[in-house]
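Trainee: You'll find work.cif just under this line, and it carries mmCIF, C-alpha atoms (C1' of nucleotides).
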data_work
loop_
_atom_site.group_PDB
_atom_site.id
_atom_site.type_symbol
_atom_site.label_atom_id
_atom_site.label_comp_id
_atom_site.auth_asym_id
_atom_site.auth_seq_id
_atom_site.Cartn_x
_atom_site.Cartn_y
_atom_site.Cartn_z
ATOM 1 C CA MET A 243 7.161 2.422 -20.174
ATOM 2 C CA SER A 244 7.163 2.922 -16.443
ATOM 3 C CA ILE A 245 5.776 0.357 -14.097
ATOM 4 C CA THR A 246 2.807 0.444 -11.805
ATOM 5 C CA PHE A 247 4.328 1.405 -8.541
ATOM 6 C CA ASP A 248 1.835 -0.532 -6.520
ATOM 7 C CA LEU A 249 3.627 -3.676 -7.625
ATOM 8 C CA ILE A 250 6.741 -2.448 -5.882
ATOM 9 C CA ARG A 251 4.903 -1.670 -2.686
ATOM 10 C CA GLY A 252 6.449 -3.497 0.180
ATOM 11 C CA HIS A 253 9.814 -3.735 -1.549
ATOM 12 C CA THR A 254 10.932 -0.204 -0.799
ATOM 13 C CA ASP A 255 12.747 -1.214 2.350
ATOM 14 C CA ALA A 256 14.480 -4.084 0.628
ATOM 15 C CA ILE A 257 15.619 -1.844 -2.218
ATOM 16 C CA ILE A 258 17.119 0.690 0.172
ATOM 17 C CA LEU A 259 18.777 -1.947 2.332
ATOM 18 C CA SER A 260 20.225 -3.621 -0.726
ATOM 19 C CA TYR A 261 21.732 -0.355 -1.813
ATOM 20 C CA LEU A 262 23.197 0.416 1.598
ATOM 21 C CA CYS A 263 24.824 -3.023 1.764
ATOM 22 C CA ASP A 264 27.451 -1.640 -0.598
ATOM 23 C CA GLY A 265 28.272 1.348 1.615
ATOM 24 C CA ASP A 266 26.894 4.487 3.210
ATOM 25 C CA SER A 267 25.021 7.003 1.134
ATOM 26 C CA TYR A 268 22.446 9.753 1.368
ATOM 27 C CA GLY A 269 18.887 10.143 0.133
ATOM 28 C CA TYR A 270 19.360 12.164 -2.981
ATOM 29 C CA GLN A 271 22.201 9.985 -4.212
ATOM 30 C CA ILE A 272 20.352 6.749 -3.486
ATOM 31 C CA ASN A 273 17.383 7.912 -5.490
ATOM 32 C CA LYS A 274 19.534 8.951 -8.422
ATOM 33 C CA ASP A 275 21.398 5.673 -8.432
ATOM 34 C CA ILE A 276 18.229 3.622 -8.332
ATOM 35 C CA MET A 277 16.857 5.513 -11.311
ATOM 36 C CA LYS A 278 20.099 5.012 -13.148
ATOM 37 C CA ALA A 279 20.262 1.317 -12.291
ATOM 38 C CA THR A 280 16.849 0.796 -13.838
ATOM 39 C CA ASP A 281 17.309 3.072 -16.864
ATOM 40 C CA ASN A 282 14.861 5.573 -15.386
ATOM 41 C CA GLN A 283 12.114 2.998 -15.357
ATOM 42 C CA PHE A 284 11.768 3.177 -11.630
ATOM 43 C CA GLU A 285 12.214 5.817 -9.000
ATOM 44 C CA LEU A 286 11.295 6.042 -5.387
ATOM 45 C CA LYS A 287 9.252 9.151 -4.816
ATOM 46 C CA GLU A 288 10.913 11.505 -2.365
ATOM 47 C CA ALA A 289 8.157 11.257 0.193
ATOM 48 C CA THR A 290 8.249 7.478 -0.011
ATOM 49 C CA LEU A 291 12.011 7.491 0.360
ATOM 50 C CA TYR A 292 12.143 9.665 3.448
ATOM 51 C CA THR A 293 9.219 7.833 5.011
ATOM 52 C CA ALA A 294 11.169 4.622 4.515
ATOM 53 C CA PHE A 295 14.307 6.112 6.069
ATOM 54 C CA ARG A 296 12.358 7.037 9.216
ATOM 55 C CA ARG A 297 10.789 3.609 9.358
ATOM 56 C CA LEU A 298 14.080 1.794 8.869
ATOM 57 C CA GLU A 299 15.861 3.915 11.432
ATOM 58 C CA GLN A 300 13.116 3.472 13.999
ATOM 59 C CA THR A 301 13.284 -0.280 13.638
ATOM 60 C CA GLY A 302 17.065 -0.215 13.931
ATOM 61 C CA LEU A 303 17.850 -1.464 10.440
ATOM 62 C CA ILE A 304 19.764 1.668 9.483
ATOM 63 C CA GLN A 305 21.491 4.527 11.298
ATOM 64 C CA SER A 306 22.020 8.102 10.150
ATOM 65 C CA TYR A 307 24.553 10.865 10.635
ATOM 66 C CA TRP A 308 25.044 14.303 9.159
ATOM 67 C CA GLY A 309 27.901 14.700 6.722
ATOM 68 C CA ASN A 310 30.143 17.706 7.216
ATOM 69 C CA GLU A 311 30.072 19.124 3.721
ATOM 70 C CA ALA A 312 32.197 22.252 3.404
ATOM 71 C CA VAL A 313 30.054 23.508 0.555
ATOM 72 C CA GLY A 314 26.652 22.711 -0.839
ATOM 73 C CA ALA A 315 23.557 21.483 0.924
ATOM 74 C CA ARG A 316 23.953 19.330 4.002
ATOM 75 C CA ARG A 317 23.561 15.598 3.556
ATOM 76 C CA ARG A 318 22.208 13.000 5.920
ATOM 77 C CA TYR A 319 24.076 9.758 5.432
ATOM 78 C CA TYR A 320 22.717 6.322 6.223
ATOM 79 C CA THR A 321 24.508 3.167 7.347
ATOM 80 C CA ILE A 322 23.039 -0.287 7.371
ATOM 81 C CA THR A 323 23.215 -2.059 10.736
ATOM 82 C CA ASP A 324 23.825 -5.741 11.399
ATOM 83 C CA ALA A 325 20.125 -6.127 12.042
ATOM 84 C CA GLY A 326 19.593 -4.420 8.714
ATOM 85 C CA ARG A 327 21.764 -6.952 6.920
ATOM 86 C CA ASP A 328 19.898 -9.794 8.554
ATOM 87 C CA ALA A 329 16.584 -8.248 7.617
ATOM 88 C CA TYR A 330 17.763 -7.792 4.064
ATOM 89 C CA THR A 331 18.729 -11.433 3.765
ATOM 90 C CA GLY A 332 15.239 -12.352 4.882
ATOM 91 C CA LEU A 333 13.553 -9.910 2.521
ATOM 92 C CA LYS A 334 15.586 -11.175 -0.386
ATOM 93 C CA GLN A 335 14.560 -14.733 0.359
ATOM 94 C CA GLU A 336 10.945 -13.655 0.612
ATOM 95 C CA TRP A 337 11.243 -12.010 -2.764
ATOM 96 C CA GLN A 338 12.641 -15.152 -4.350
ATOM 97 C CA HIS A 339 9.862 -17.098 -2.753
ATOM 98 C CA SER A 340 7.008 -14.800 -3.697
ATOM 99 C CA LYS A 341 8.355 -14.684 -7.229
ATOM 100 C CA VAL A 342 7.868 -18.423 -7.564
ATOM 101 C CA ILE A 343 4.386 -18.244 -6.114
ATOM 102 C CA LEU A 344 3.252 -15.391 -8.325
ATOM 103 C CA ASP A 345 4.700 -17.023 -11.416
ATOM 104 C CA LYS A 346 2.658 -20.067 -10.520
ATOM 105 C CA LEU A 347 -0.517 -18.043 -10.045
ATOM 106 C CA LEU A 348 -0.207 -15.739 -13.040
ATOM 107 C CA THR A 349 -0.391 -18.309 -15.783
ATOM 108 C CA MET B 130 7.073 -20.943 5.490
ATOM 109 C CA SER B 131 4.410 -18.512 4.443
ATOM 110 C CA ILE B 132 5.199 -15.309 2.676
ATOM 111 C CA THR B 133 4.857 -11.720 3.757
ATOM 112 C CA PHE B 134 1.599 -10.728 2.230
ATOM 113 C CA ASP B 135 2.645 -7.174 1.654
ATOM 114 C CA LEU B 136 4.763 -8.465 -1.192
ATOM 115 C CA ILE B 137 1.635 -9.662 -2.917
ATOM 116 C CA ARG B 138 -0.164 -6.388 -2.465
ATOM 117 C CA GLY B 139 -1.256 -5.052 -5.781
ATOM 118 C CA HIS B 140 -1.308 -8.494 -7.331
ATOM 119 C CA THR B 141 -4.614 -9.587 -5.868
ATOM 120 C CA ASP B 142 -6.576 -8.445 -8.882
ATOM 121 C CA ALA B 143 -4.194 -10.139 -11.279
ATOM 122 C CA ILE B 144 -4.401 -13.416 -9.368
ATOM 123 C CA ILE B 145 -8.190 -13.405 -9.436
ATOM 124 C CA LEU B 146 -8.378 -12.429 -13.094
ATOM 125 C CA SER B 147 -5.893 -15.123 -13.995
ATOM 126 C CA TYR B 148 -8.020 -17.691 -12.255
ATOM 127 C CA LEU B 149 -11.223 -16.532 -13.922
ATOM 128 C CA CYS B 150 -9.604 -16.709 -17.357
ATOM 129 C CA ASP B 151 -10.101 -20.464 -17.149
ATOM 130 C CA GLY B 152 -13.801 -20.214 -16.414
ATOM 131 C CA ASP B 153 -16.412 -18.914 -14.005
ATOM 132 C CA SER B 154 -16.128 -19.656 -10.336
ATOM 133 C CA TYR B 155 -17.151 -18.411 -6.925
ATOM 134 C CA GLY B 156 -15.290 -16.910 -4.010
ATOM 135 C CA TYR B 157 -14.915 -19.863 -1.737
ATOM 136 C CA GLN B 158 -13.771 -22.148 -4.537
ATOM 137 C CA ILE B 159 -11.290 -19.609 -5.892
ATOM 138 C CA ASN B 160 -9.704 -19.226 -2.500
ATOM 139 C CA LYS B 161 -9.431 -22.963 -2.005
ATOM 140 C CA ASP B 162 -7.900 -23.465 -5.420
ATOM 141 C CA ILE B 163 -5.326 -20.731 -4.903
ATOM 142 C CA MET B 164 -4.240 -22.277 -1.630
ATOM 143 C CA LYS B 165 -4.025 -25.662 -3.294
ATOM 144 C CA ALA B 166 -2.072 -24.306 -6.263
ATOM 145 C CA THR B 167 0.549 -22.903 -3.913
ATOM 146 C CA ASP B 168 0.696 -25.844 -1.507
ATOM 147 C CA ASN B 169 -0.993 -23.757 1.180
ATOM 148 C CA GLN B 170 1.807 -21.226 1.084
ATOM 149 C CA PHE B 171 -0.510 -18.456 0.005
ATOM 150 C CA GLU B 172 -4.111 -17.592 0.578
ATOM 151 C CA LEU B 173 -6.156 -14.527 -0.085
ATOM 152 C CA LYS B 174 -7.853 -13.472 3.119
ATOM 153 C CA GLU B 175 -11.607 -13.509 2.798
ATOM 154 C CA ALA B 176 -11.941 -9.799 3.360
ATOM 155 C CA THR B 177 -9.290 -9.148 0.736
ATOM 156 C CA LEU B 178 -11.008 -11.445 -1.695
ATOM 157 C CA TYR B 179 -14.432 -9.897 -1.411
ATOM 158 C CA THR B 180 -13.007 -6.381 -1.456
ATOM 159 C CA ALA B 181 -11.291 -7.292 -4.691
ATOM 160 C CA PHE B 182 -14.471 -8.722 -6.186
ATOM 161 C CA ARG B 183 -16.299 -5.444 -5.512
ATOM 162 C CA ARG B 184 -13.440 -3.451 -6.977
ATOM 163 C CA LEU B 185 -13.172 -5.602 -10.080
ATOM 164 C CA GLU B 186 -16.896 -5.576 -10.675
ATOM 165 C CA GLN B 187 -17.121 -1.808 -10.236
ATOM 166 C CA THR B 188 -14.411 -1.280 -12.820
ATOM 167 C CA GLY B 189 -16.088 -3.686 -15.215
ATOM 168 C CA LEU B 190 -13.383 -6.324 -15.234
ATOM 169 C CA ILE B 191 -15.674 -9.039 -13.911
ATOM 170 C CA GLN B 192 -19.404 -9.668 -13.683
ATOM 171 C CA SER B 193 -21.331 -11.669 -11.121
ATOM 172 C CA TYR B 194 -24.488 -13.743 -10.957
ATOM 173 C CA TRP B 195 -26.119 -15.909 -8.339
ATOM 174 C CA GLY B 196 -25.981 -19.637 -8.923
ATOM 175 C CA ASN B 197 -29.205 -21.554 -8.418
ATOM 176 C CA GLU B 198 -27.996 -24.230 -6.065
ATOM 177 C CA ALA B 199 -30.749 -26.643 -5.122
ATOM 178 C CA VAL B 200 -29.024 -27.451 -1.866
ATOM 179 C CA GLY B 201 -26.315 -25.868 0.235
ATOM 180 C CA ALA B 202 -25.366 -22.246 0.650
ATOM 181 C CA ARG B 203 -25.936 -19.890 -2.242
ATOM 182 C CA ARG B 204 -22.944 -19.053 -4.412
ATOM 183 C CA ARG B 205 -22.124 -15.878 -6.253
ATOM 184 C CA TYR B 206 -20.318 -16.726 -9.459
ATOM 185 C CA TYR B 207 -17.959 -14.440 -11.291
ATOM 186 C CA THR B 208 -17.171 -14.134 -14.998
ATOM 187 C CA ILE B 209 -14.269 -12.279 -16.478
ATOM 188 C CA THR B 210 -15.212 -9.665 -19.089
ATOM 189 C CA ASP B 211 -13.339 -8.747 -22.264
ATOM 190 C CA ALA B 212 -12.046 -5.678 -20.470
ATOM 191 C CA GLY B 213 -10.940 -7.997 -17.705
ATOM 192 C CA ARG B 214 -8.940 -10.125 -20.108
ATOM 193 C CA ASP B 215 -7.302 -7.043 -21.542
ATOM 194 C CA ALA B 216 -6.486 -5.787 -18.076
ATOM 195 C CA TYR B 217 -5.058 -9.143 -17.133
ATOM 196 C CA THR B 218 -2.764 -9.146 -20.137
ATOM 197 C CA GLY B 219 -1.479 -5.777 -19.047
ATOM 198 C CA LEU B 220 -1.045 -6.802 -15.422
ATOM 199 C CA LYS B 221 0.844 -9.906 -16.460
ATOM 200 C CA GLN B 222 3.213 -7.831 -18.555
ATOM 201 C CA GLU B 223 3.715 -5.448 -15.661
ATOM 202 C CA TRP B 224 4.556 -8.347 -13.433
ATOM 203 C CA GLN B 225 7.163 -9.644 -15.877
ATOM 204 C CA HIS B 226 8.566 -6.174 -16.099
ATOM 205 C CA SER B 227 8.679 -5.401 -12.400
ATOM 206 C CA LYS B 228 10.270 -8.785 -11.821
ATOM 207 C CA VAL B 229 13.213 -7.784 -13.972
ATOM 208 C CA ILE B 230 13.542 -4.452 -12.224
ATOM 209 C CA LEU B 231 13.385 -5.891 -8.729
ATOM 210 C CA ASP B 232 15.865 -8.610 -9.571
ATOM 211 C CA LYS B 233 18.161 -5.865 -10.734
ATOM 212 C CA LEU B 234 17.709 -3.859 -7.541
ATOM 213 C CA LEU B 235 17.871 -6.698 -5.030
ATOM 214 C CA THR B 236 21.401 -7.836 -5.654
ATOM 215 C "C1'" DC C 140 22.774 40.718 -11.517
ATOM 216 C "C1'" DA C 141 18.545 38.021 -11.676
ATOM 217 C "C1'" DA C 142 16.355 33.957 -12.800
ATOM 218 C "C1'" DA C 143 16.499 29.300 -13.458
ATOM 219 C "C1'" DT C 144 18.186 24.904 -12.380
ATOM 220 C "C1'" DA C 145 20.365 21.387 -9.578
ATOM 221 C "C1'" DT C 146 21.404 19.702 -5.198
ATOM 222 C "C1'" DA C 147 19.578 18.272 -0.740
ATOM 223 C "C1'" DC C 148 16.538 17.912 2.949
ATOM 224 C "C1'" DC C 149 11.709 17.627 5.128
ATOM 225 C "C1'" DT C 150 6.336 17.334 6.498
ATOM 226 C "C1'" DT C 151 1.438 16.972 5.874
ATOM 227 C "C1'" DG C 152 -2.823 15.110 4.482
ATOM 228 C "C1'" DA C 153 -5.302 12.200 1.591
ATOM 229 C "C1'" DC C 154 -5.936 7.785 -0.501
ATOM 230 C "C1'" DA C 155 -6.044 2.855 -1.442
ATOM 231 C "C1'" DG C 156 -5.425 -1.907 -0.435
ATOM 232 C "C1'" DG C 157 -5.183 -5.460 3.107
ATOM 233 C "C1'" DT C 158 -7.124 -7.623 7.023
ATOM 234 C "C1'" DG C 159 -8.800 -8.890 11.877
ATOM 235 C "C1'" DA C 160 -12.926 -9.350 13.860
ATOM 236 C "C1'" DG C 161 -17.293 -9.765 13.562
ATOM 237 C "C1'" DG C 162 -21.705 -11.269 11.371
ATOM 238 C "C1'" DT C 163 -25.420 -14.449 8.552
ATOM 239 C "C1'" DA C 164 -27.193 -18.947 6.720
ATOM 240 C "C1'" DT C 165 -27.274 -23.891 5.145
ATOM 241 C "C1'" DA C 166 -25.814 -28.783 5.273
ATOM 242 C "C1'" DT C 167 -23.454 -32.725 7.132
ATOM 243 C "C1'" DC C 168 -21.382 -35.721 10.505
ATOM 244 C "C1'" DC C 169 -20.853 -37.841 15.000
ATOM 245 C "C1'" DG D 187 -27.172 -31.103 19.947
ATOM 246 C "C1'" DG D 188 -22.706 -29.460 18.828
ATOM 247 C "C1'" DA D 189 -19.000 -29.255 15.789
ATOM 248 C "C1'" DT D 190 -17.410 -28.607 11.289
ATOM 249 C "C1'" DA D 191 -17.572 -27.326 6.451
ATOM 250 C "C1'" DT D 192 -19.499 -24.561 3.025
ATOM 251 C "C1'" DA D 193 -20.577 -19.911 1.487
ATOM 252 C "C1'" DC D 194 -21.429 -15.216 1.748
ATOM 253 C "C1'" DC D 195 -20.704 -10.324 3.693
ATOM 254 C "C1'" DT D 196 -19.258 -5.637 6.227
ATOM 255 C "C1'" DC D 197 -16.809 -2.455 9.172
ATOM 256 C "C1'" DA D 198 -13.036 -0.154 11.227
ATOM 257 C "C1'" DC D 199 -8.330 0.108 11.461
ATOM 258 C "C1'" DC D 200 -3.524 0.047 9.858
ATOM 259 C "C1'" DT D 201 0.154 0.824 6.764
ATOM 260 C "C1'" DG D 202 2.651 2.382 2.689
ATOM 261 C "C1'" DT D 203 2.484 5.575 -1.100
ATOM 262 C "C1'" DC D 204 2.654 10.062 -2.941
ATOM 263 C "C1'" DA D 205 1.081 14.798 -4.533
ATOM 264 C "C1'" DA D 206 1.801 19.076 -2.855
ATOM 265 C "C1'" DG D 207 3.862 22.014 -0.283
ATOM 266 C "C1'" DG D 208 7.988 23.833 2.204
ATOM 267 C "C1'" DT D 209 13.360 25.147 3.392
ATOM 268 C "C1'" DA D 210 18.261 26.204 2.038
ATOM 269 C "C1'" DT D 211 22.603 26.330 -0.764
ATOM 270 C "C1'" DA D 212 25.337 26.341 -5.142
ATOM 271 C "C1'" DT D 213 25.817 26.736 -10.008
ATOM 272 C "C1'" DT D 214 24.554 27.908 -14.582
ATOM 273 C "C1'" DT D 215 22.462 30.874 -17.998
ATOM 274 C "C1'" DG D 216 20.568 34.862 -20.174
#
Let me see whether you can do it: turn the structure in this file into structure tokens.

Mentor:
Amino acid sequence: MSITFDLIRGHTDAIILSYLCDGDSYGYQINKDIMKATDNQFELKEATLYTAFRRLEQTGLIQSYWGNEAVGARRRYYTITDAGRDAYTGLKQEWQHSKVILDKLLT
Amino acid sequence: MSITFDLIRGHTDAIILSYLCDGDSYGYQINKDIMKATDNQFELKEATLYTAFRRLEQTGLIQSYWGNEAVGARRRYYTITDAGRDAYTGLKQEWQHSKVILDKLLT
DNA sequence: CAAATATACCTTGACAGGTGAGGTATATCC
DNA sequence: GGATATACCTCACCTGTCAAGGTATATTTG
């Protein structure tokens, strides 16, 4: 059973930031890892993922650089910034908070 | 502290259905009760609320009728349908499920 | 060798839900 | 008479999601 993705809406940024807290990575890998982490129950659609990268970079929460792969397709790596870590802390708290509220409302 | 409402997006219908499971009510009252239930930490904006009512009625999850108030402003009451109860059960399960997934992803 | 698959990136346009801003009307309270 | 509370509604805009399309390289398979 896969979940209704609308429920995840608004958490995309937090998911990506959380992942990048553990070190730099690139789009394709991030997506794979997220699928794996959730036993293929959840994946970020590519378009959603790259949209989020643009958004996060524009707001200064992540930075990107091209890897210099000798072989294979080029990869664009992402780093989380200090502002990104701060933002993530906030988003995580909001998640904890909204979880309590929704549990209260959905009897 | 109030929460980022984007996190609630997609749960509006579930919140309303949950409320109506306990009996008929009308928009203004529902909104008040939700605020009260969450210690004013969460409210559905009016526009959101009425948009949701239209959506839920169009998809047959709720039905509406005008109350015959002798005094005061008229009220449009809403009843949850059998389909609505079924849908709510599903939405509640999805919430439980997505909660697990997000907790896994937001370390 | 050719085709298929996996890796890896990207953009565009459409859609859906949320919401600010605006509106209507009735009743009460000072 | 004016403010406030109750009670409803609509419209236009914004934002995030995502299906569908595209590019390019490397490996596997028939």

Trainee: Got a sec: who's within 8 Å of range 141-151 of chain B, counting all atoms listed in the file, leaving out chain neighbours fewer than 5 positions off, as a ChimeraX atom specification?

Mentor: /A:344,347-349 /B:159,173,178,181,185,207-209,213-214,217,220-221

Trainee: Which residues of chain D are close to chain B, meaning at most 10 Å apart when you count only C-alpha atoms (C1' of nucleotides), and how do they look as a list of chain:residue names?

Mentor: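 Using only C-alpha atoms (C1' of nucleotides), chain D residues at most 10 Å from chain B: D:DT192, D:DA193, D:DC194, D:DC195, D:DT196, D:DT201, D:DG202.
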
Trainee: Taking only C-alpha atoms into account, name the residue in A:Lys274, A:Ala325, A:Leu303, A:Ala279 that is nearest to chain B.

Mentor: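 Going through A:Lys274, A:Ala325, A:Leu303, A:Ala279 one by one, the smallest distance to chain B is for A:Ala279.
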
Trainee: Just the number, please: distance in Å from CA of Trp337 in chain A to C1' of DG157 in chain C, one decimal.

Mentor: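 So the two atoms, CA of Trp337 in chain A and C1' of DG157 in chain C, lie 18.6 Å apart.
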
Trainee: For the structure shown, which residues end up in the PyMOL selection byres ((chain C) within 8 of (chain A))? Put them as number ranges by chain, please?

Mentor: C: 146-148

Trainee: Can you provide chain A as a compact mmCIF listing (two decimals) with C-alpha atoms, keeping the file's coordinate frame, superposed onto chain B by least squares across all C-alpha atoms matched in order?

Mentor:
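Listing of part_1.txt after writing:
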# COMPACT_ATOMS: atom_id res chain seq x y z
CA MET A 243 7.07 -20.98 5.58
CA SER A 244 4.41 -18.54 4.52
CA ILE A 245 5.24 -15.36 2.72
CA THR A 246 4.90 -11.77 3.76
CA PHE A 247 1.63 -10.80 2.25
CA ASP A 248 2.66 -7.23 1.69
CA LEU A 249 4.81 -8.47 -1.17
CA ILE A 250 1.69 -9.70 -2.90
CA ARG A 251 -0.12 -6.43 -2.43
CA GLY A 252 -1.24 -5.08 -5.73
CA HIS A 253 -1.30 -8.52 -7.32
CA THR A 254 -4.61 -9.61 -5.86
CA ASP A 255 -6.57 -8.45 -8.87
CA ALA A 256 -4.20 -10.14 -11.27
CA ILE A 257 -4.40 -13.41 -9.36
CA ILE A 258 -8.19 -13.40 -9.44
CA LEU A 259 -8.37 -12.42 -13.10
CA SER A 260 -5.88 -15.12 -14.00
CA TYR A 261 -8.02 -17.68 -12.27
CA LEU A 262 -11.22 -16.52 -13.93
CA CYS A 263 -9.60 -16.70 -17.37
CA ASP A 264 -10.09 -20.46 -17.15
CA GLY A 265 -13.82 -20.21 -16.43
CA ASP A 266 -16.43 -18.92 -14.02
CA SER A 267 -16.14 -19.67 -10.34
CA TYR A 268 -17.18 -18.40 -6.94
CA GLY A 269 -15.31 -16.91 -4.00
CA TYR A 270 -14.94 -19.85 -1.73
CA GLN A 271 -13.78 -22.13 -4.53
CA ILE A 272 -11.31 -19.58 -5.89
CA ASN A 273 -9.72 -19.21 -2.49
CA LYS A 274 -9.43 -22.95 -2.00
CA ASP A 275 -7.90 -23.44 -5.41
CA ILE A 276 -5.35 -20.71 -4.90
CA MET A 277 -4.26 -22.27 -1.63
CA LYS A 278 -4.02 -25.64 -3.29
CA ALA A 279 -2.09 -24.28 -6.26
CA THR A 280 0.53 -22.88 -3.92
CA ASP A 281 0.68 -25.82 -1.50
CA ASN A 282 -1.01 -23.72 1.18
CA GLN A 283 1.79 -21.20 1.10
CA PHE A 284 -0.51 -18.44 0.03
CA GLU A 285 -4.12 -17.57 0.58
CA LEU A 286 -6.17 -14.51 -0.05
CA LYS A 287 -7.86 -13.47 3.14
CA GLU A 288 -11.63 -13.48 2.81
CA ALA A 289 -11.99 -9.78 3.38
CA THR A 290 -9.32 -9.07 0.80
CA LEU A 291 -11.00 -11.40 -1.66
CA TYR A 292 -14.45 -9.89 -1.41
CA THR A 293 -13.05 -6.37 -1.45
CA ALA A 294 -11.29 -7.28 -4.69
CA PHE A 295 -14.48 -8.72 -6.19
CA ARG A 296 -16.32 -5.44 -5.53
CA ARG A 297 -13.46 -3.45 -6.97
CA LEU A 298 -13.18 -5.60 -10.08
CA GLU A 299 -16.91 -5.57 -10.68
CA GLN A 300 -17.14 -1.82 -10.26
CA THR A 301 -14.42 -1.28 -12.81
CA GLY A 302 -16.10 -3.69 -15.22
CA LEU A 303 -13.38 -6.33 -15.25
CA ILE A 304 -15.66 -9.05 -13.91
CA GLN A 305 -19.40 -9.67 -13.69
CA SER A 306 -21.34 -11.68 -11.12
CA TYR A 307 -24.50 -13.74 -10.97
CA TRP A 308 -26.12 -15.92 -8.35
CA GLY A 309 -25.98 -19.65 -8.92
CA ASN A 310 -29.20 -21.56 -8.42
CA GLU A 311 -27.97 -24.26 -6.08
CA ALA A 312 -30.73 -26.68 -5.12
CA VAL A 313 -29.00 -27.47 -1.86
CA GLY A 314 -26.28 -25.91 0.22
CA ALA A 315 -25.35 -22.28 0.63
CA ARG A 316 -25.94 -19.92 -2.26
CA ARG A 317 -22.96 -19.06 -4.42
CA ARG A 318 -22.13 -15.89 -6.27
CA TYR A 319 -20.33 -16.73 -9.48
CA TYR A 320 -17.95 -14.43 -11.30
CA THR A 321 -17.18 -14.13 -15.01
CA ILE A 322 -14.27 -12.28 -16.49
CA THR A 323 -15.21 -9.66 -19.09
CA ASP A 324 -13.34 -8.74 -22.25
CA ALA A 325 -12.06 -5.67 -20.47
CA GLY A 326 -10.95 -8.00 -17.71
CA ARG A 327 -8.94 -10.12 -20.13
CA ASP A 328 -7.30 -7.03 -21.55
CA ALA A 329 -6.50 -5.78 -18.08
CA TYR A 330 -5.06 -9.14 -17.15
CA THR A 331 -2.75 -9.13 -20.15
CA GLY A 332 -1.48 -5.75 -19.04
CA LEU A 333 -1.04 -6.80 -15.43
CA LYS A 334 0.85 -9.89 -16.46
CA GLN A 335 3.22 -7.83 -18.56
CA GLU A 336 3.71 -5.43 -15.68
CA TRP A 337 4.57 -8.35 -13.46
CA GLN A 338 7.16 -9.65 -15.89
CA HIS A 339 8.57 -6.18 -16.11
CA SER A 340 8.68 -5.42 -12.41
CA LYS A 341 10.27 -8.80 -11.83
CA VAL A 342 13.23 -7.80 -13.98
CA ILE A 343 13.54 -4.46 -12.25
CA LEU A 344 13.40 -5.89 -8.75
CA ASP A 345 15.87 -8.61 -9.60
CA LYS A 346 18.18 -5.87 -10.78
CA LEU A 347 17.72 -3.85 -7.59
CA LEU A 348 17.89 -6.67 -5.07
CA THR A 349 21.42 -7.82 -5.69

Trainee: What does the structure give for the distance between CA of Gln170 in chain B and C1' of DG156 in chain C, in Å to one decimal?

Mentor: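 Separation between CA of Gln170 in chain B and C1' of DG156 in chain C: 20.7 Å.
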
Trainee: Quote the spacing between CA of Asp162 in chain B and CA of Lys174 in chain B in Å to one decimal place.

Mentor: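 Between these atoms lies a distance of 13.1 Å.
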
Trainee: Can you tell me, as a PyMOL selection string, what residues are no more than 12 Å from DG216 in chain D when counting only C-alpha atoms (C1' of nucleotides), ignoring any on the same chain fewer than 3 positions away?

Mentor: chain C and resi 140-143

Trainee: For the file shown, what are the residues hit by the PyMOL selection byres ((chain C and resi 161) around 9), laid out as a list in words?

Mentor: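 Applying the PyMOL selection byres ((chain C and resi 161) around 9) to the structure shown produces DG159, DA160 and DG162 of chain C; DT196 and DC197 of chain D.
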
Trainee: Which is closest to chain A among B:Thr210, B:Thr218, B:Thr177, B:Ser193, if we use all atoms listed in the file?

Mentor: B:Thr218

Trainee: Which residue is closest to chain B? Choose from A:Ser340, A:Gln300, A:Gln335, A:Ser267 and count only C-alpha atoms.

Mentor: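 Answer, going by the shortest atom-to-atom distance: A:Ser340.
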
Trainee: Given the file above and the PyMOL selection byres ((chain D and resi 189) around 9), which residues are selected, and can you give them as a ChimeraX atom specification?

Mentor: /C:168-169 /D:188,190

Trainee: Hey, what's within 12 Å of Asn169 in chain B if we count only C-alpha atoms (C1' of nucleotides) and toss same-chain stuff fewer than 2 positions away? As number ranges by chain, please?

Mentor: A: 343; B: 130-132, 160-167, 171-173

Trainee: Produce a file of the selected residues containing C-alpha atoms, as a PDB file, in the coordinates of the input.

Mentor:
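The resulting file, out10.pdb, is reproduced below:
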ATOM      1  CA  ILE A 343       4.386 -18.244  -6.114  1.00  0.00           C
TER       2      ILE A 343
ATOM      3  CA  MET B 130       7.073 -20.943   5.490  1.00  0.00           C
ATOM      4  CA  SER B 131       4.410 -18.512   4.443  1.00  0.00           C
ATOM      5  CA  ILE B 132       5.199 -15.309   2.676  1.00  0.00           C
ATOM      6  CA  ASN B 160      -9.704 -19.226  -2.500  1.00  0.00           C
ATOM      7  CA  LYS B 161      -9.431 -22.963  -2.005  1.00  0.00           C
ATOM      8  CA  ASP B 162      -7.900 -23.465  -5.420  1.00  0.00           C
ATOM      9  CA  ILE B 163      -5.326 -20.731  -4.903  1.00  0.00           C
ATOM     10  CA  MET B 164      -4.240 -22.277  -1.630  1.00  0.00           C
ATOM     11  CA  LYS B 165      -4.025 -25.662  -3.294  1.00  0.00           C
ATOM     12  CA  ALA B 166      -2.072 -24.306  -6.263  1.00  0.00           C
ATOM     13  CA  THR B 167       0.549 -22.903  -3.913  1.00  0.00           C
ATOM     14  CA  PHE B 171      -0.510 -18.456   0.005  1.00  0.00           C
ATOM     15  CA  GLU B 172      -4.111 -17.592   0.578  1.00  0.00           C
ATOM     16  CA  LEU B 173      -6.156 -14.527  -0.085  1.00  0.00           C
TER      17      LEU B 173
END

Trainee: Taking only C-alpha atoms into account, which of B:Gln192, B:Asp168, B:Arg183, B:Asn197 comes nearest Lys346 in chain A?

Mentor: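 Nearest to Lys346 in chain A: B:Asp168.
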